[in-house]
Amino acid sequence: MNFPQSIDELEQLLAEPYPEDVAFARGLCGDVIILGAGGKMGPTLAMRIAKAIKLAGSNARLFAVSRFSDRALRERLQAQGIKIIQADLLDDEAFLHRLTDLPRVPYVIFMAGMKFGSSGNEPLTWTKNVYLPGRVAEHFKGSRIVVLSTGNVYPLVPISSGGSKESDPVGPIGEYAQSCLGRERVFAYFAERYGTKICIIRLNYAVEARYGVLLDIARHVSGGEPVSVGMGCVNVIWQGDANSACFRSLGLCENPPEVINVTGLETLSVRHLAGEFALRFGRLALIEDQESPTALLSNASRCYQLLGIPKIPPDWLLDLVTQWVMRGGVIYLKPTKFEVRDGKF
């Protein structure tokens, strides 16, 4: 697989549907709506679904809902045949469209939420992550809903454990993680109340060239800055693989809600990743702190059974990020803060 040389090529790669995506789109029984489609994951997820629908010869329409302040993004999505709805899901007066105006379609992907800047903005964090899900669940009570959550709802676990499974007890650390568990609980409440079929995806960590754990480590190494190994291990998954899992999880919605972990196969050592980037950049990796015996890790074996294993291996991702950084490619200045152990994001 060739490495993308531009944002357009990168997004095309992220949005290229797998045969499984096309097969799933062929079985759709109505329209799809993505709420919060303007974030990091949403645009290429929308493009992938739109392409899958077209290749499948389906009559399903795809709606993408966000504030869409970036006109160029709106136009890119519209060029794919995606129906754009500009709305602020928290502010019924901000745009022409309100939450209650949104079409009640059979399939909903809920991606809206808040992480970055949650420390110091706790009221807004809880409003976006807990209050808003209640409004969405009420409006779309007759739909199948995929809810994007996070592996942060789990506690830190021994690295030797292989990661938390869906059946393990949750133990969110900090208000961000607590609010994400609140999101899950609110959707579960409305599922019980109305019989709504839901699938909750606990994702960590999606990566591509412009953001993610690998980029965070690569930038530190290339810039001669120390890499903290206090959080000694991580899981990562190519954003394209995460996009595919998110779309096809619409077929896994159940009542009570289905919960699946979505992440990569490997438990990756942060120290090793820093060393691999150092080799690629031709410089030393500066390391600080010492590995703790616990880390935020997820076991996604159930996801592999239901949806198949991720297609893109870590070595390819390391090479992708290395080339992107060396080329001076555009990046999102939103570090993942994967090294944080106290839950303060």
# chains A, B, ... in the order shown; residues from 1 in each chain; ligands from 1
>>> closest_atom_pairs(of="range 266-293 of chain A", to="range 227-244 of chain A", cutoff="7 Å", atoms="only C-alpha atoms", output="CSV")
residue,atom,partner,partner_atom,distance
A:Glu266,CA,A:Asn235,CA,6.4
A:Thr267,CA,A:Asn235,CA,5.4
A:Leu268,CA,A:Cys233,CA,5.3
A:Ser269,CA,A:Cys233,CA,4.4
A:Val270,CA,A:Cys233,CA,5.3
A:Arg271,CA,A:Val229,CA,6.1
A:Leu286,CA,A:Val227,CA,6.1
A:Ile287,CA,A:Val227,CA,4.9
A:Glu288,CA,A:Ser228,CA,4.9
A:Asp289,CA,A:Gly230,CA,5.5
A:Gln290,CA,A:Gly230,CA,5.2
A:Glu291,CA,A:Gly230,CA,4.6
A:Ser292,CA,A:Gly230,CA,5.6
>>> write_last_selection(atoms="C-alpha atoms", output="tab-separated table (two decimals), in the first residue's frame")
chain	number	residue	atom	x	y	z
A	266	GLU	CA	-1.24	-5.62	19.78
A	267	THR	CA	-0.26	-4.27	23.18
A	268	LEU	CA	2.45	-1.79	22.19
A	269	SER	CA	5.28	-0.62	24.43
A	270	VAL	CA	5.62	3.17	24.44
A	271	ARG	CA	9.38	2.83	24.99
A	286	LEU	CA	14.83	10.70	25.04
A	287	ILE	CA	12.87	8.80	27.70
A	288	GLU	CA	11.48	10.11	30.98
A	289	ASP	CA	9.67	8.43	33.87
A	290	GLN	CA	9.45	4.69	34.45
A	291	GLU	CA	6.84	2.22	33.27
A	292	SER	CA	4.03	1.61	35.73
>>> select_by_dssp(residues="range 61-278 of chain A", states="strand (DSSP E or B)", output="ChimeraX atom specification")
/A:62-66,83-86,88,91,107-110,144-150,157-158,164,197-203,206-207,227-228,233-234,237-238,254,258-262,268-269
>>> closest_residue(among="A:Pro314, A:Glu175, A:Thr263, A:Met41", to="Gly120 in chain A", atoms="only C-alpha atoms")
A:Glu175
>>> atom_distance(atom1="CA of Lys51 in chain A", atom2="CA of Arg71 in chain A")
21.0 Å
>>> closest_residue(among="A:Tyr332, A:Phe68, A:Asp21, A:Ser179", to="Leu307 in chain A", atoms="only C-alpha atoms")
A:Asp21
>>> closest_atom_pairs(of="range 188-295 of chain A", to="range 33-38 of chain A", cutoff="12 Å", atoms="only C-alpha atoms", output="CSV")
residue,atom,partner,partner_atom,distance
A:Cys246,CA,A:Ile34,CA,10.9
A:Phe247,CA,A:Ile34,CA,10.1
A:Leu250,CA,A:Ile33,CA,11.3
>>> write_last_selection(atoms="N, CA and C atoms", output="PDB file, in the first residue's frame")
ATOM      1  N   CYS A 246     -17.152   1.009  13.022  1.00  0.00           N
ATOM      2  CA  CYS A 246     -18.229   1.895  13.454  1.00  0.00           C
ATOM      3  C   CYS A 246     -19.447   1.734  12.542  1.00  0.00           C
ATOM      4  N   PHE A 247     -19.230   1.743  11.244  1.00  0.00           N
ATOM      5  CA  PHE A 247     -20.329   1.615  10.292  1.00  0.00           C
ATOM      6  C   PHE A 247     -21.040   0.272  10.446  1.00  0.00           C
ATOM      7  N   LEU A 250     -23.667  -0.876  13.184  1.00  0.00           N
ATOM      8  CA  LEU A 250     -25.106  -0.647  13.070  1.00  0.00           C
ATOM      9  C   LEU A 250     -25.867  -1.971  12.982  1.00  0.00           C
TER      10      LEU A 250
END
>>> select_by_dssp(residues="range 126-333 of chain A", states="helix (DSSP H, G or I)", output="PyMOL selection string")
chain A and resi 126-139+151-153+159-161+174-194+213-222+239-252+270-281+301-307+314-327
>>> write_last_selection(atoms="C-alpha atoms", output="tab-separated table (two decimals), in the first residue's frame")
chain	number	residue	atom	x	y	z
A	126	TRP	CA	-21.07	16.74	31.41
A	127	THR	CA	-23.61	18.62	29.32
A	128	LYS	CA	-22.17	17.38	26.04
A	129	ASN	CA	-21.40	13.86	27.22
A	130	VAL	CA	-24.46	13.11	29.39
A	131	TYR	CA	-27.30	15.61	28.90
A	132	LEU	CA	-27.12	15.68	25.10
A	133	PRO	CA	-27.25	11.86	24.77
A	134	GLY	CA	-30.58	11.90	26.61
A	135	ARG	CA	-32.05	14.33	24.10
A	136	VAL	CA	-30.69	12.31	21.19
A	137	ALA	CA	-31.93	9.01	22.59
A	138	GLU	CA	-35.40	10.50	23.07
A	139	HIS	CA	-35.59	11.87	19.52
A	151	GLY	CA	-11.89	2.73	26.65
A	152	ASN	CA	-11.35	5.37	29.33
A	153	VAL	CA	-14.42	4.02	31.11
A	159	ILE	CA	-0.20	-4.87	31.49
A	160	SER	CA	0.04	-8.64	31.75
A	161	SER	CA	-3.79	-8.89	31.76
A	174	GLY	CA	-11.49	11.55	36.36
A	175	GLU	CA	-14.51	13.54	35.28
A	176	TYR	CA	-14.03	13.10	31.54
A	177	ALA	CA	-14.10	9.31	31.83
A	178	GLN	CA	-16.94	9.47	34.35
A	179	SER	CA	-19.00	11.58	31.95
A	180	CYS	CA	-18.35	9.07	29.16
A	181	LEU	CA	-19.71	6.30	31.36
A	182	GLY	CA	-22.63	8.64	32.04
A	183	ARG	CA	-23.22	8.82	28.28
A	184	GLU	CA	-23.40	5.03	28.13
A	185	ARG	CA	-25.76	4.83	31.11
A	186	VAL	CA	-28.13	7.43	29.68
A	187	PHE	CA	-28.39	5.61	26.36
A	188	ALA	CA	-28.93	2.34	28.24
A	189	TYR	CA	-31.75	3.95	30.24
A	190	PHE	CA	-33.59	5.06	27.11
A	191	ALA	CA	-32.96	1.67	25.50
A	192	GLU	CA	-34.71	0.06	28.47
A	193	ARG	CA	-37.50	2.63	28.39
A	194	TYR	CA	-38.26	2.47	24.66
A	213	VAL	CA	-0.76	8.39	19.92
A	214	LEU	CA	1.80	7.50	17.26
A	215	LEU	CA	1.99	11.07	16.02
A	216	ASP	CA	2.36	12.34	19.60
A	217	ILE	CA	5.35	10.04	20.16
A	218	ALA	CA	6.84	10.76	16.74
A	219	ARG	CA	6.71	14.52	17.26
A	220	HIS	CA	8.46	14.23	20.61
A	221	VAL	CA	11.23	12.07	19.16
A	222	SER	CA	11.72	14.17	16.01
A	239	GLN	CA	-8.70	5.13	11.74
A	240	GLY	CA	-9.87	3.42	8.57
A	241	ASP	CA	-10.34	0.16	10.47
A	242	ALA	CA	-12.19	2.05	13.20
A	243	ASN	CA	-14.41	3.69	10.55
A	244	SER	CA	-15.33	0.29	9.14
A	245	ALA	CA	-16.12	-1.13	12.58
A	246	CYS	CA	-18.23	1.89	13.45
A	247	PHE	CA	-20.33	1.61	10.29
A	248	ARG	CA	-20.88	-2.12	10.48
A	249	SER	CA	-21.72	-1.94	14.18
A	250	LEU	CA	-25.11	-0.65	13.07
A	251	GLY	CA	-25.80	-4.31	12.43
A	252	LEU	CA	-24.85	-5.25	16.00
A	270	VAL	CA	5.62	3.17	24.44
A	271	ARG	CA	9.38	2.83	24.99
A	272	HIS	CA	9.61	0.49	21.99
A	273	LEU	CA	7.54	2.85	19.83
A	274	ALA	CA	9.86	5.73	20.75
A	275	GLY	CA	12.83	3.58	19.79
A	276	GLU	CA	11.27	2.65	16.46
A	277	PHE	CA	10.68	6.30	15.61
A	278	ALA	CA	14.23	7.13	16.69
A	279	LEU	CA	15.55	4.58	14.17
A	280	ARG	CA	13.36	6.01	11.44
A	281	PHE	CA	14.35	9.61	12.19
A	301	SER	CA	-11.25	-10.09	20.86
A	302	ARG	CA	-15.05	-9.93	20.82
A	303	CYS	CA	-14.93	-7.25	18.11
A	304	TYR	CA	-12.63	-9.46	16.03
A	305	GLN	CA	-15.11	-12.33	16.32
A	306	LEU	CA	-18.02	-10.13	15.21
A	307	LEU	CA	-16.37	-7.82	12.65
A	314	PRO	CA	1.43	-1.16	13.41
A	315	ASP	CA	4.64	-1.21	11.33
A	316	TRP	CA	2.85	0.36	8.37
A	317	LEU	CA	1.36	2.98	10.67
A	318	LEU	CA	4.81	3.80	12.08
A	319	ASP	CA	6.16	4.29	8.56
A	320	LEU	CA	3.13	6.39	7.57
A	321	VAL	CA	3.51	8.74	10.53
A	322	THR	CA	7.29	8.96	10.06
A	323	GLN	CA	6.95	10.01	6.43
A	324	TRP	CA	4.17	12.45	7.24
A	325	VAL	CA	6.23	14.16	9.96
A	326	MET	CA	9.38	14.28	7.84
A	327	ARG	CA	7.38	15.81	4.99
>>> residues_around(residues="Ile173 in chain A", least_positions_apart="6", cutoff="9 Å", atoms="only C-alpha atoms", output="VMD selection string")
chain A and resid 152 to 156 341 to 344
>>> residues_around(residues="Arg26 in chain A", least_positions_apart="2", cutoff="10 Å", atoms="only C-alpha atoms", output="list in words")
Glu20, Asp21, Val22, Ala23, Phe24, Leu28, Cys29, Ala52, Ile53, Lys54, Leu55, Ala56, Gly57, Ser58, Asn59 and Ala60 of chain A
>>> closest_residue(among="A:Val157, A:Ala72, A:Ala50, A:Val105", to="Ser298 in chain A", atoms="only C-alpha atoms")
A:Val157
>>> atom_distance(atom1="CA of Ser143 in chain A", atom2="CA of Gln86 in chain A")
20.9 Å
>>> closest_residue(among="A:Gln78, A:Ser149, A:Asn261, A:Asn255", to="Gly195 in chain A", atoms="only C-alpha atoms")
A:Asn255
>>> atom_distance(atom1="CA of Glu11 in chain A", atom2="CA of Arg76 in chain A")
10.6 Å
>>> residues_around(residues="Gly212 in chain A", least_positions_apart="5", cutoff="9 Å", atoms="only C-alpha atoms", output="list in words")
Tyr205, Ala206, Val207, Ile217, Val236, Lys334, Pro335, Thr336 and Phe338 of chain A
>>> write_last_selection(atoms="C-alpha atoms", output="PDB file, in the first residue's frame")
ATOM      1  CA  TYR A 205      -6.869   4.775  20.335  1.00  0.00           C
ATOM      2  CA  ALA A 206      -7.663   5.560  16.687  1.00  0.00           C
ATOM      3  CA  VAL A 207      -4.642   6.843  14.749  1.00  0.00           C
ATOM      4  CA  ILE A 217       5.353  10.042  20.160  1.00  0.00           C
ATOM      5  CA  VAL A 236      -3.900   1.702  18.650  1.00  0.00           C
ATOM      6  CA  LYS A 334      -4.703  18.168  19.741  1.00  0.00           C
ATOM      7  CA  PRO A 335      -2.422  15.769  21.617  1.00  0.00           C
ATOM      8  CA  THR A 336      -4.163  12.628  22.832  1.00  0.00           C
ATOM      9  CA  PHE A 338      -2.361   9.179  26.340  1.00  0.00           C
TER      10      PHE A 338
END
